[in-house]
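Enquirer: Once you've had a glance at the structure underneath, I'll fire off some questions.
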Protein chains: 2
Amino acid sequence: MCASHLFPAPGAKAALEEGTLLTPRFGTDGLITCVTTDAETGELLMVAHMDAAAFAKTIETGEAWYWSRSRGELWHKGATSGQIQTVAEMRVDCDQDAVWLKVRVAGDGGCCHTGRRSCFYRRVDISDGRPTLALT
Amino acid sequence: MCASHLFPAPGAKAALEEGTLLTPRFGTDGLITCVTTDAETGELLMVAHMDAAAFAKTIETGEAWYWSRSRGELWHKGATSGQIQTVAEMRVDCDQDAVWLKVRVAGDGGCCHTGRRSCFYRRVDISDGRPTLALT
């Protein structure tokens, strides 16, 4: 799907950074990065990607839609798991190439396909300059 | 720089998701997404990208290094602005294609090149199905 059918083309730097028009800048792969946090706790739940259609559906429905890079398809988060994400607030960053969703999670409240609440369940510990992963 | 010189190659799904080995999955562009939050407040400060060298430098120095896509160069955040980001905690997500840095910001405490503390200073408001941006 062509992003230009769903969102206005990005303008110059001043409009992009200080304007009131939503003109998301999708990458050459047609995707924009989305950071999703829990609206109540602020916890980082996941990082995912949206194509223009997913971003438009999120705006239209008030629920999080992503583009699944692994499956290569539009992804209504929670459609099968029940872990629907209702958007409490949406933000964009300075140059409009990243989106931030603050969400309330339905179903069992989980987010990660491994069954955890957040995808970021491992900390990088550094010992003698060498990184290892540890469960948080 | 070849990622394989700095990090082990990603293993199979079980090792990737449940293992203790840091094996970041860089995209076809050689980059991994990094989410940076304030270690004290939890505030989302920025979304940026790291190549293998930036990720390795972050681990080595305990300060945030990114790959600047706009300038096409390794970027020691704060080297010119004084807004050095000291890493308080680092995490990776389930499939190791995203990094989360919790940082303490030096200098004036800012992060965004527009002068704001966070890059996410605009909310997407939706009225009659149409999105507009508003300062938070």
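Just so we're on the same page: first chain in the structure tokens is A, next is B, and so on; residues restart at 1 for each chain, and ligands are numbered from 1 in the order they show up.
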Give me the residues near Thr23 in chain B as a list in words, where near means some atom within 8 Å (using only C-alpha atoms) and where sequence neighbours in that chain fewer than 4 positions away do not count.
Expert: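 So the residues in contact are Phe7, Pro8, Ala9, Pro10, Gly11, Leu16 and Gln96 of chain B.
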Enquirer: Pull out every residue of chain A that has at least one atom within 10 Å of chain B, counting only C-alpha atoms, and report them as a short mmCIF file (atom, residue, chain, number, x, y, z; two decimals) with all heavy atoms, in the first residue's frame.
Expert:
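Generated file (part26.cif):
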```
data_model
loop_
_atom_site.label_atom_id
_atom_site.label_comp_id
_atom_site.auth_asym_id
_atom_site.auth_seq_id
_atom_site.Cartn_x
_atom_site.Cartn_y
_atom_site.Cartn_z
N PHE A 7 -1.36 9.19 4.27
CA PHE A 7 -0.82 10.31 5.04
C PHE A 7 -0.22 11.33 4.07
O PHE A 7 0.32 10.95 3.02
CB PHE A 7 0.28 9.82 6.00
CG PHE A 7 -0.21 8.88 7.05
CD1 PHE A 7 -0.07 7.50 6.88
CD2 PHE A 7 -0.82 9.34 8.20
CE1 PHE A 7 -0.52 6.61 7.84
CE2 PHE A 7 -1.28 8.46 9.17
CZ PHE A 7 -1.13 7.10 8.99
N GLU A 17 9.15 19.07 12.33
CA GLU A 17 9.53 19.07 13.73
C GLU A 17 8.64 19.93 14.63
O GLU A 17 8.53 19.67 15.83
CB GLU A 17 10.98 19.55 13.89
CG GLU A 17 11.98 18.60 13.24
CD GLU A 17 13.42 19.06 13.38
OE1 GLU A 17 13.66 20.19 13.87
OE2 GLU A 17 14.30 18.30 12.99
N GLU A 18 8.04 20.96 14.04
CA GLU A 18 7.28 21.88 14.87
C GLU A 18 5.82 22.02 14.45
O GLU A 18 5.05 22.73 15.09
CB GLU A 18 7.94 23.28 14.86
CG GLU A 18 9.41 23.29 15.27
CD GLU A 18 9.67 22.87 16.71
OE1 GLU A 18 8.74 22.98 17.53
OE2 GLU A 18 10.78 22.39 17.00
N GLY A 19 5.45 21.37 13.38
CA GLY A 19 4.11 21.52 12.84
C GLY A 19 3.06 20.68 13.55
O GLY A 19 3.37 19.90 14.46
N THR A 20 1.82 20.86 13.13
CA THR A 20 0.71 20.12 13.72
C THR A 20 0.19 19.03 12.79
O THR A 20 -0.78 18.35 13.10
CB THR A 20 -0.47 21.08 14.04
OG1 THR A 20 -0.87 21.72 12.82
CG2 THR A 20 -0.06 22.13 15.04
N LEU A 21 0.84 18.86 11.64
CA LEU A 21 0.39 17.87 10.67
C LEU A 21 1.15 16.56 10.86
O LEU A 21 2.39 16.55 10.93
CB LEU A 21 0.66 18.42 9.26
CG LEU A 21 -0.13 17.81 8.09
CD1 LEU A 21 -1.64 17.97 8.30
CD2 LEU A 21 0.31 18.47 6.78
N LEU A 22 0.40 15.48 10.97
CA LEU A 22 1.02 14.15 11.08
C LEU A 22 1.46 13.69 9.70
O LEU A 22 0.62 13.39 8.83
CB LEU A 22 0.04 13.15 11.69
CG LEU A 22 0.54 11.70 11.78
CD1 LEU A 22 1.75 11.59 12.70
CD2 LEU A 22 -0.57 10.77 12.25
N THR A 23 2.78 13.67 9.50
CA THR A 23 3.34 13.24 8.21
C THR A 23 4.45 12.22 8.48
O THR A 23 5.63 12.52 8.36
CB THR A 23 3.93 14.45 7.44
OG1 THR A 23 4.93 15.08 8.27
CG2 THR A 23 2.86 15.47 7.10
N THR A 33 9.12 2.72 13.04
CA THR A 33 9.32 2.02 14.31
C THR A 33 8.27 2.48 15.31
O THR A 33 7.97 3.67 15.42
CB THR A 33 10.72 2.34 14.87
OG1 THR A 33 11.69 1.97 13.90
CG2 THR A 33 10.98 1.56 16.16
N CYS A 34 7.73 1.52 16.06
CA CYS A 34 6.74 1.83 17.09
C CYS A 34 7.19 1.28 18.43
O CYS A 34 7.53 0.09 18.54
CB CYS A 34 5.39 1.24 16.72
SG CYS A 34 4.13 1.56 17.97
N VAL A 35 7.20 2.13 19.44
CA VAL A 35 7.52 1.75 20.81
C VAL A 35 6.21 1.71 21.59
O VAL A 35 5.44 2.66 21.55
CB VAL A 35 8.46 2.79 21.46
CG1 VAL A 35 8.69 2.47 22.93
CG2 VAL A 35 9.76 2.87 20.70
N THR A 37 4.35 1.13 25.26
CA THR A 37 4.52 1.06 26.71
C THR A 37 3.16 0.88 27.38
O THR A 37 2.11 1.16 26.79
CB THR A 37 5.18 2.34 27.28
OG1 THR A 37 4.35 3.47 27.00
CG2 THR A 37 6.55 2.56 26.65
N THR A 41 1.71 1.76 33.97
CA THR A 41 2.99 1.61 34.67
C THR A 41 4.16 2.28 33.94
O THR A 41 5.21 2.48 34.53
CB THR A 41 3.33 0.12 34.83
OG1 THR A 41 3.55 -0.44 33.52
CG2 THR A 41 2.21 -0.63 35.51
N GLY A 42 3.99 2.56 32.65
CA GLY A 42 5.08 3.12 31.87
C GLY A 42 6.07 2.07 31.38
O GLY A 42 7.02 2.38 30.66
N GLU A 43 5.85 0.82 31.75
CA GLU A 43 6.77 -0.27 31.37
C GLU A 43 6.88 -0.41 29.85
O GLU A 43 5.87 -0.36 29.14
CB GLU A 43 6.21 -1.57 31.97
CG GLU A 43 7.06 -2.81 31.73
CD GLU A 43 6.38 -4.07 32.27
OE1 GLU A 43 5.19 -4.01 32.63
OE2 GLU A 43 7.06 -5.12 32.31
N LEU A 44 8.09 -0.58 29.37
CA LEU A 44 8.28 -0.84 27.94
C LEU A 44 7.83 -2.27 27.64
O LEU A 44 8.37 -3.23 28.19
CB LEU A 44 9.76 -0.67 27.57
CG LEU A 44 10.15 -0.99 26.13
CD1 LEU A 44 9.39 -0.15 25.13
CD2 LEU A 44 11.66 -0.82 25.94
N LEU A 45 6.83 -2.39 26.78
CA LEU A 45 6.28 -3.71 26.48
C LEU A 45 6.92 -4.34 25.25
O LEU A 45 7.27 -5.51 25.26
CB LEU A 45 4.76 -3.60 26.27
CG LEU A 45 3.95 -3.13 27.47
CD1 LEU A 45 2.48 -2.99 27.10
CD2 LEU A 45 4.12 -4.09 28.65
N MET A 46 7.04 -3.57 24.18
CA MET A 46 7.54 -4.13 22.93
C MET A 46 7.99 -3.03 21.99
O MET A 46 7.63 -1.86 22.15
CB MET A 46 6.45 -4.98 22.25
CG MET A 46 5.18 -4.19 21.93
SD MET A 46 3.81 -5.22 21.31
CE MET A 46 4.34 -5.54 19.62
N VAL A 47 8.78 -3.43 21.01
CA VAL A 47 9.13 -2.57 19.88
C VAL A 47 8.67 -3.31 18.63
O VAL A 47 8.96 -4.49 18.47
CB VAL A 47 10.65 -2.32 19.82
CG1 VAL A 47 11.02 -1.61 18.53
CG2 VAL A 47 11.11 -1.51 21.01
N ALA A 48 7.92 -2.64 17.79
CA ALA A 48 7.42 -3.29 16.59
C ALA A 48 7.45 -2.28 15.44
O ALA A 48 8.01 -1.19 15.58
CB ALA A 48 6.01 -3.81 16.82
N ALA A 56 -2.58 3.69 9.96
CA ALA A 56 -3.92 4.23 9.69
C ALA A 56 -4.99 3.44 10.44
O ALA A 56 -5.93 4.03 11.00
CB ALA A 56 -4.19 4.21 8.18
N ILE A 59 -5.00 4.46 14.11
CA ILE A 59 -5.69 5.74 14.29
C ILE A 59 -7.21 5.55 14.18
O ILE A 59 -7.98 6.08 14.97
CB ILE A 59 -5.20 6.76 13.24
CG1 ILE A 59 -3.75 7.15 13.55
CG2 ILE A 59 -6.11 7.98 13.16
CD1 ILE A 59 -3.07 7.96 12.46
N GLU A 60 -7.61 4.74 13.22
CA GLU A 60 -9.04 4.54 12.94
C GLU A 60 -9.75 3.77 14.05
O GLU A 60 -10.87 4.12 14.43
CB GLU A 60 -9.16 3.77 11.61
CG GLU A 60 -10.58 3.41 11.20
CD GLU A 60 -10.58 2.38 10.06
OE1 GLU A 60 -9.58 2.33 9.30
OE2 GLU A 60 -11.55 1.63 9.96
N THR A 61 -9.07 2.74 14.59
CA THR A 61 -9.74 1.84 15.52
C THR A 61 -9.42 2.11 16.99
O THR A 61 -10.14 1.63 17.88
CB THR A 61 -9.34 0.37 15.24
OG1 THR A 61 -7.93 0.22 15.50
CG2 THR A 61 -9.64 -0.01 13.80
N GLY A 62 -8.32 2.82 17.25
CA GLY A 62 -7.92 3.04 18.64
C GLY A 62 -7.29 1.80 19.26
O GLY A 62 -7.09 1.74 20.48
N GLU A 89 -2.78 6.83 24.54
CA GLU A 89 -2.14 8.04 24.02
C GLU A 89 -1.15 7.62 22.94
O GLU A 89 -0.56 6.54 23.00
CB GLU A 89 -1.40 8.79 25.13
CG GLU A 89 -0.86 10.15 24.68
CD GLU A 89 -0.15 10.91 25.80
OE1 GLU A 89 -0.77 11.15 26.85
OE2 GLU A 89 1.04 11.26 25.62
N MET A 90 -1.03 8.48 21.95
CA MET A 90 -0.10 8.23 20.85
C MET A 90 0.77 9.47 20.68
O MET A 90 0.29 10.59 20.77
CB MET A 90 -0.91 8.00 19.57
CG MET A 90 -0.12 7.49 18.38
SD MET A 90 -1.16 7.39 16.87
CE MET A 90 -2.56 6.43 17.47
N ARG A 91 2.08 9.24 20.46
CA ARG A 91 2.99 10.36 20.22
C ARG A 91 3.87 10.05 19.02
O ARG A 91 4.02 8.90 18.62
CB ARG A 91 3.87 10.63 21.44
CG ARG A 91 3.10 11.08 22.68
CD ARG A 91 4.05 11.64 23.71
NE ARG A 91 3.38 11.98 24.96
CZ ARG A 91 3.95 12.68 25.93
NH1 ARG A 91 5.21 13.11 25.80
NH2 ARG A 91 3.30 12.96 27.03
N VAL A 92 4.47 11.09 18.46
CA VAL A 92 5.50 10.91 17.43
C VAL A 92 6.74 11.66 17.87
O VAL A 92 6.67 12.57 18.71
CB VAL A 92 5.06 11.44 16.05
CG1 VAL A 92 3.98 10.56 15.44
CG2 VAL A 92 4.62 12.89 16.13
N ASP A 93 7.87 11.27 17.30
CA ASP A 93 9.10 11.95 17.70
C ASP A 93 9.40 13.13 16.76
O ASP A 93 8.64 13.44 15.84
CB ASP A 93 10.27 10.96 17.81
CG ASP A 93 10.80 10.51 16.46
OD1 ASP A 93 10.11 10.71 15.45
OD2 ASP A 93 11.91 9.95 16.42
N CYS A 94 10.49 13.80 17.06
CA CYS A 94 10.82 15.06 16.40
C CYS A 94 10.76 14.99 14.88
O CYS A 94 10.14 15.85 14.23
CB CYS A 94 12.20 15.55 16.85
SG CYS A 94 13.47 14.27 16.91
N ASP A 95 11.40 13.99 14.30
CA ASP A 95 11.41 13.92 12.84
C ASP A 95 10.40 12.92 12.28
O ASP A 95 10.47 12.55 11.10
CB ASP A 95 12.83 13.66 12.30
CG ASP A 95 13.42 12.38 12.86
OD1 ASP A 95 12.76 11.73 13.69
OD2 ASP A 95 14.53 12.01 12.45
N GLN A 96 9.45 12.55 13.13
CA GLN A 96 8.31 11.73 12.73
C GLN A 96 8.70 10.42 12.05
O GLN A 96 8.03 9.98 11.11
CB GLN A 96 7.34 12.53 11.84
CG GLN A 96 6.79 13.76 12.55
CD GLN A 96 5.51 14.31 11.92
OE1 GLN A 96 4.65 13.56 11.46
NE2 GLN A 96 5.36 15.62 11.87
N ASP A 97 9.79 9.81 12.55
CA ASP A 97 10.10 8.47 12.04
C ASP A 97 9.98 7.41 13.14
O ASP A 97 10.49 6.29 13.00
CB ASP A 97 11.46 8.41 11.35
CG ASP A 97 12.63 8.58 12.32
OD1 ASP A 97 12.38 8.90 13.50
OD2 ASP A 97 13.78 8.40 11.88
N ALA A 98 9.32 7.79 14.24
CA ALA A 98 9.04 6.83 15.29
C ALA A 98 7.73 7.21 15.98
O ALA A 98 7.39 8.39 16.09
CB ALA A 98 10.17 6.79 16.32
N VAL A 99 7.00 6.19 16.40
CA VAL A 99 5.70 6.34 17.05
C VAL A 99 5.78 5.75 18.44
O VAL A 99 6.48 4.76 18.66
CB VAL A 99 4.61 5.57 16.25
CG1 VAL A 99 3.24 5.76 16.87
CG2 VAL A 99 4.61 5.98 14.80
N TRP A 100 5.10 6.35 19.37
CA TRP A 100 5.02 5.83 20.74
C TRP A 100 3.56 5.61 21.09
O TRP A 100 2.77 6.55 21.06
CB TRP A 100 5.66 6.83 21.70
CG TRP A 100 5.59 6.50 23.17
CD1 TRP A 100 5.23 5.30 23.75
CD2 TRP A 100 5.88 7.38 24.26
NE1 TRP A 100 5.30 5.40 25.11
CE2 TRP A 100 5.70 6.66 25.46
CE3 TRP A 100 6.29 8.71 24.34
CZ2 TRP A 100 5.89 7.22 26.72
CZ3 TRP A 100 6.49 9.27 25.60
CH2 TRP A 100 6.30 8.54 26.77
N LEU A 101 3.20 4.38 21.40
CA LEU A 101 1.85 4.06 21.85
C LEU A 101 1.88 3.75 23.34
O LEU A 101 2.67 2.92 23.80
CB LEU A 101 1.31 2.81 21.14
CG LEU A 101 1.15 2.83 19.63
CD1 LEU A 101 0.50 1.50 19.17
CD2 LEU A 101 0.33 4.01 19.16
N CYS A 112 4.27 -10.41 25.11
CA CYS A 112 5.31 -11.15 24.38
C CYS A 112 4.80 -12.54 23.99
O CYS A 112 4.08 -13.19 24.75
CB CYS A 112 6.54 -11.27 25.26
SG CYS A 112 7.92 -12.10 24.46
N HIS A 113 5.24 -13.02 22.83
CA HIS A 113 4.82 -14.35 22.36
C HIS A 113 5.40 -15.47 23.22
O HIS A 113 4.96 -16.62 23.14
CB HIS A 113 5.23 -14.55 20.90
CG HIS A 113 6.70 -14.79 20.72
ND1 HIS A 113 7.64 -13.78 20.84
CD2 HIS A 113 7.39 -15.91 20.48
CE1 HIS A 113 8.84 -14.29 20.65
NE2 HIS A 113 8.73 -15.58 20.43
N THR A 114 6.40 -15.13 24.08
CA THR A 114 6.96 -16.15 24.98
C THR A 114 6.10 -16.32 26.23
O THR A 114 6.39 -17.15 27.07
CB THR A 114 8.39 -15.77 25.43
OG1 THR A 114 8.32 -14.59 26.25
CG2 THR A 114 9.31 -15.53 24.25
N ARG A 116 5.55 -13.75 28.40
CA ARG A 116 5.83 -12.70 29.36
C ARG A 116 4.97 -11.46 29.10
O ARG A 116 4.50 -11.24 28.00
CB ARG A 116 7.29 -12.29 29.33
CG ARG A 116 8.22 -13.20 30.09
CD ARG A 116 8.92 -14.13 29.16
NE ARG A 116 10.03 -14.84 29.82
CZ ARG A 116 10.76 -15.75 29.21
NH1 ARG A 116 10.52 -16.09 27.96
NH2 ARG A 116 11.74 -16.35 29.85
N SER A 118 6.21 -8.35 29.14
CA SER A 118 7.02 -7.50 28.27
C SER A 118 8.01 -8.35 27.48
O SER A 118 8.45 -9.40 27.95
CB SER A 118 7.79 -6.48 29.12
OG SER A 118 8.86 -5.91 28.36
N CYS A 119 8.36 -7.89 26.29
CA CYS A 119 9.37 -8.58 25.50
C CYS A 119 10.78 -8.37 26.07
O CYS A 119 11.70 -9.11 25.74
CB CYS A 119 9.36 -8.07 24.06
SG CYS A 119 7.85 -8.51 23.16
N PHE A 120 10.93 -7.37 26.93
CA PHE A 120 12.27 -7.02 27.43
C PHE A 120 12.52 -7.65 28.80
O PHE A 120 12.66 -6.94 29.80
CB PHE A 120 12.43 -5.50 27.47
CG PHE A 120 12.52 -4.88 26.10
CD1 PHE A 120 11.37 -4.57 25.39
CD2 PHE A 120 13.75 -4.64 25.50
CE1 PHE A 120 11.45 -4.03 24.11
CE2 PHE A 120 13.84 -4.11 24.23
CZ PHE A 120 12.69 -3.80 23.53
N TYR A 121 12.57 -8.96 28.83
CA TYR A 121 12.68 -9.70 30.08
C TYR A 121 14.11 -10.08 30.43
O TYR A 121 14.35 -10.73 31.44
CB TYR A 121 11.79 -10.95 30.06
CG TYR A 121 11.96 -11.82 28.83
CD1 TYR A 121 12.95 -12.79 28.76
CD2 TYR A 121 11.12 -11.64 27.73
CE1 TYR A 121 13.11 -13.57 27.63
CE2 TYR A 121 11.27 -12.41 26.59
CZ TYR A 121 12.27 -13.38 26.54
OH TYR A 121 12.42 -14.14 25.42
N ARG A 122 15.07 -9.69 29.58
CA ARG A 122 16.47 -10.02 29.86
C ARG A 122 17.35 -8.78 29.91
O ARG A 122 17.30 -7.93 29.03
CB ARG A 122 17.01 -11.00 28.82
CG ARG A 122 16.54 -12.43 29.05
CD ARG A 122 17.01 -13.33 27.94
NE ARG A 122 16.48 -12.88 26.65
CZ ARG A 122 16.72 -13.50 25.49
NH1 ARG A 122 17.50 -14.56 25.46
NH2 ARG A 122 16.20 -13.04 24.38
N ARG A 123 18.14 -8.72 30.95
CA ARG A 123 19.08 -7.63 31.16
C ARG A 123 20.43 -8.07 30.61
O ARG A 123 20.80 -9.25 30.67
CB ARG A 123 19.19 -7.40 32.67
CG ARG A 123 19.88 -6.14 33.12
CD ARG A 123 19.88 -6.05 34.64
NE ARG A 123 20.60 -7.17 35.22
CZ ARG A 123 20.07 -8.04 36.08
NH1 ARG A 123 18.83 -7.92 36.50
NH2 ARG A 123 20.80 -9.05 36.55
N VAL A 124 21.16 -7.11 30.05
CA VAL A 124 22.52 -7.37 29.60
C VAL A 124 23.46 -7.03 30.74
O VAL A 124 23.61 -5.87 31.11
CB VAL A 124 22.89 -6.53 28.35
CG1 VAL A 124 24.31 -6.86 27.89
CG2 VAL A 124 21.88 -6.75 27.23
N ASP A 125 24.07 -8.04 31.33
CA ASP A 125 25.06 -7.82 32.39
C ASP A 125 26.45 -7.85 31.76
O ASP A 125 26.72 -8.66 30.86
CB ASP A 125 24.96 -8.92 33.45
CG ASP A 125 23.70 -8.78 34.29
OD1 ASP A 125 23.15 -7.66 34.34
OD2 ASP A 125 23.27 -9.78 34.89
N ILE A 126 27.31 -6.98 32.24
CA ILE A 126 28.66 -6.92 31.68
C ILE A 126 29.67 -7.21 32.78
O ILE A 126 29.70 -6.55 33.81
CB ILE A 126 28.92 -5.54 31.05
CG1 ILE A 126 27.89 -5.30 29.94
CG2 ILE A 126 30.34 -5.46 30.49
CD1 ILE A 126 27.79 -3.88 29.47
N ASP A 128 33.79 -8.18 33.26
CA ASP A 128 35.09 -8.23 32.58
C ASP A 128 34.94 -7.86 31.10
O ASP A 128 35.62 -8.44 30.24
CB ASP A 128 35.73 -9.62 32.70
CG ASP A 128 36.14 -9.94 34.13
OD1 ASP A 128 36.41 -8.98 34.88
OD2 ASP A 128 36.18 -11.12 34.49
N GLY A 129 34.05 -6.93 30.84
CA GLY A 129 33.87 -6.46 29.47
C GLY A 129 33.05 -7.38 28.59
O GLY A 129 32.84 -7.08 27.42
N ARG A 130 32.59 -8.51 29.14
CA ARG A 130 31.84 -9.47 28.33
C ARG A 130 30.37 -9.45 28.72
O ARG A 130 30.03 -9.59 29.90
CB ARG A 130 32.41 -10.88 28.51
CG ARG A 130 33.86 -10.99 28.09
CD ARG A 130 34.40 -12.38 28.40
NE ARG A 130 33.78 -13.41 27.57
CZ ARG A 130 34.28 -13.81 26.39
NH1 ARG A 130 35.38 -13.26 25.92
NH2 ARG A 130 33.69 -14.74 25.69
N PRO A 131 29.49 -9.33 27.74
CA PRO A 131 28.05 -9.29 28.04
C PRO A 131 27.44 -10.69 28.17
O PRO A 131 27.78 -11.60 27.42
CB PRO A 131 27.47 -8.59 26.80
CG PRO A 131 28.40 -8.96 25.70
CD PRO A 131 29.77 -9.14 26.31
N THR A 132 26.56 -10.83 29.15
CA THR A 132 25.71 -12.02 29.22
C THR A 132 24.30 -11.56 29.54
O THR A 132 24.09 -10.47 30.05
CB THR A 132 26.16 -13.02 30.32
OG1 THR A 132 26.25 -12.31 31.56
CG2 THR A 132 27.51 -13.65 30.00
N LEU A 133 23.34 -12.42 29.24
CA LEU A 133 21.94 -12.08 29.47
C LEU A 133 21.45 -12.74 30.75
O LEU A 133 21.76 -13.90 31.02
CB LEU A 133 21.09 -12.52 28.29
CG LEU A 133 21.50 -11.96 26.93
CD1 LEU A 133 20.53 -12.43 25.85
CD2 LEU A 133 21.56 -10.44 26.97
N ALA A 134 20.66 -12.00 31.51
CA ALA A 134 20.08 -12.55 32.75
C ALA A 134 18.61 -12.18 32.80
O ALA A 134 18.23 -11.06 32.41
CB ALA A 134 20.81 -11.97 33.96
N LEU A 135 17.80 -13.07 33.28
CA LEU A 135 16.37 -12.77 33.44
C LEU A 135 16.21 -11.67 34.49
O LEU A 135 16.95 -11.64 35.49
CB LEU A 135 15.60 -14.02 33.89
CG LEU A 135 15.49 -15.13 32.82
CD1 LEU A 135 14.85 -16.38 33.42
CD2 LEU A 135 14.68 -14.65 31.61
N THR A 136 15.26 -10.79 34.25
CA THR A 136 15.03 -9.70 35.21
C THR A 136 14.02 -10.13 36.25
O THR A 136 13.27 -11.06 36.06
CB THR A 136 14.53 -8.44 34.50
OG1 THR A 136 13.32 -8.76 33.83
CG2 THR A 136 15.57 -7.93 33.53
#
```
Enquirer: Name the closest residue to Thr58 in chain A among the candidates A:Ala15, A:Ala106, A:Trp75, A:Gly30; distances are taken between atoms, counting only C-alpha atoms.
Expert: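 Checking each of A:Ala15, A:Ala106, A:Trp75, A:Gly30 against Thr58 in chain A, counting only C-alpha atoms, the winner is A:Trp75.
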Enquirer: Excluding same-chain residues fewer than 3 positions from Gly82 in chain B, what lies within 8 Å of it counting only C-alpha atoms, as number ranges by chain?
Expert: B: 78-79, 106-108
Enquirer: From a DSSP pass on the backbone, collect the residues of chain A flagged as strand (DSSP E or B) and hand them back as a ChimeraX atom specification.
Expert: /A:21,32-38,44-50,63,65-68,73-76,85-92,98-105,122-127,130-135
Enquirer: Would you export the selected residues with C-alpha atoms as an mmCIF file, in the first residue's frame, please?
Expert:
```
data_model
loop_
_atom_site.group_PDB
_atom_site.id
_atom_site.type_symbol
_atom_site.label_atom_id
_atom_site.label_comp_id
_atom_site.auth_asym_id
_atom_site.auth_seq_id
_atom_site.Cartn_x
_atom_site.Cartn_y
_atom_site.Cartn_z
ATOM 1 C CA LEU A 21 0.394 17.873 10.666
ATOM 2 C CA ILE A 32 8.070 3.089 10.866
ATOM 3 C CA THR A 33 9.320 2.024 14.315
ATOM 4 C CA CYS A 34 6.743 1.833 17.089
ATOM 5 C CA VAL A 35 7.522 1.748 20.811
ATOM 6 C CA THR A 36 4.708 0.442 22.979
ATOM 7 C CA THR A 37 4.515 1.055 26.711
ATOM 8 C CA ASP A 38 1.964 0.253 29.395
ATOM 9 C CA LEU A 44 8.285 -0.845 27.938
ATOM 10 C CA LEU A 45 6.279 -3.710 26.484
ATOM 11 C CA MET A 46 7.537 -4.132 22.933
ATOM 12 C CA VAL A 47 9.128 -2.573 19.881
ATOM 13 C CA ALA A 48 7.420 -3.286 16.588
ATOM 14 C CA HIS A 49 6.887 -1.789 13.159
ATOM 15 C CA MET A 50 3.984 -0.272 11.304
ATOM 16 C CA GLU A 63 -6.270 -0.376 18.881
ATOM 17 C CA TRP A 65 -2.043 -2.638 14.544
ATOM 18 C CA TYR A 66 1.455 -3.497 13.371
ATOM 19 C CA TRP A 67 3.198 -4.933 10.342
ATOM 20 C CA SER A 68 4.555 -8.362 11.156
ATOM 21 C CA GLU A 73 1.327 -9.315 6.990
ATOM 22 C CA LEU A 74 -0.815 -6.713 8.723
ATOM 23 C CA TRP A 75 -1.125 -7.681 12.378
ATOM 24 C CA HIS A 76 -3.981 -6.714 14.668
ATOM 25 C CA GLN A 85 -3.881 -3.127 22.969
ATOM 26 C CA THR A 86 -6.182 -0.146 23.395
ATOM 27 C CA VAL A 87 -4.362 3.102 22.718
ATOM 28 C CA ALA A 88 -4.546 5.567 25.607
ATOM 29 C CA GLU A 89 -2.137 8.036 24.018
ATOM 30 C CA MET A 90 -0.102 8.230 20.851
ATOM 31 C CA ARG A 91 2.987 10.360 20.218
ATOM 32 C CA VAL A 92 5.498 10.911 17.431
ATOM 33 C CA ALA A 98 9.039 6.826 15.294
ATOM 34 C CA VAL A 99 5.695 6.342 17.047
ATOM 35 C CA TRP A 100 5.018 5.832 20.739
ATOM 36 C CA LEU A 101 1.854 4.056 21.854
ATOM 37 C CA LYS A 102 0.753 4.041 25.484
ATOM 38 C CA VAL A 103 -1.660 1.140 25.716
ATOM 39 C CA ARG A 104 -3.957 -0.818 27.990
ATOM 40 C CA VAL A 105 -3.615 -4.534 27.359
ATOM 41 C CA ARG A 122 16.467 -10.023 29.865
ATOM 42 C CA ARG A 123 19.080 -7.635 31.160
ATOM 43 C CA VAL A 124 22.525 -7.371 29.596
ATOM 44 C CA ASP A 125 25.061 -7.825 32.387
ATOM 45 C CA ILE A 126 28.659 -6.919 31.684
ATOM 46 C CA SER A 127 31.434 -8.662 33.538
ATOM 47 C CA ARG A 130 31.839 -9.467 28.333
ATOM 48 C CA PRO A 131 28.049 -9.293 28.040
ATOM 49 C CA THR A 132 25.713 -12.024 29.216
ATOM 50 C CA LEU A 133 21.941 -12.076 29.474
ATOM 51 C CA ALA A 134 20.084 -12.547 32.746
ATOM 52 C CA LEU A 135 16.369 -12.773 33.445
#
```
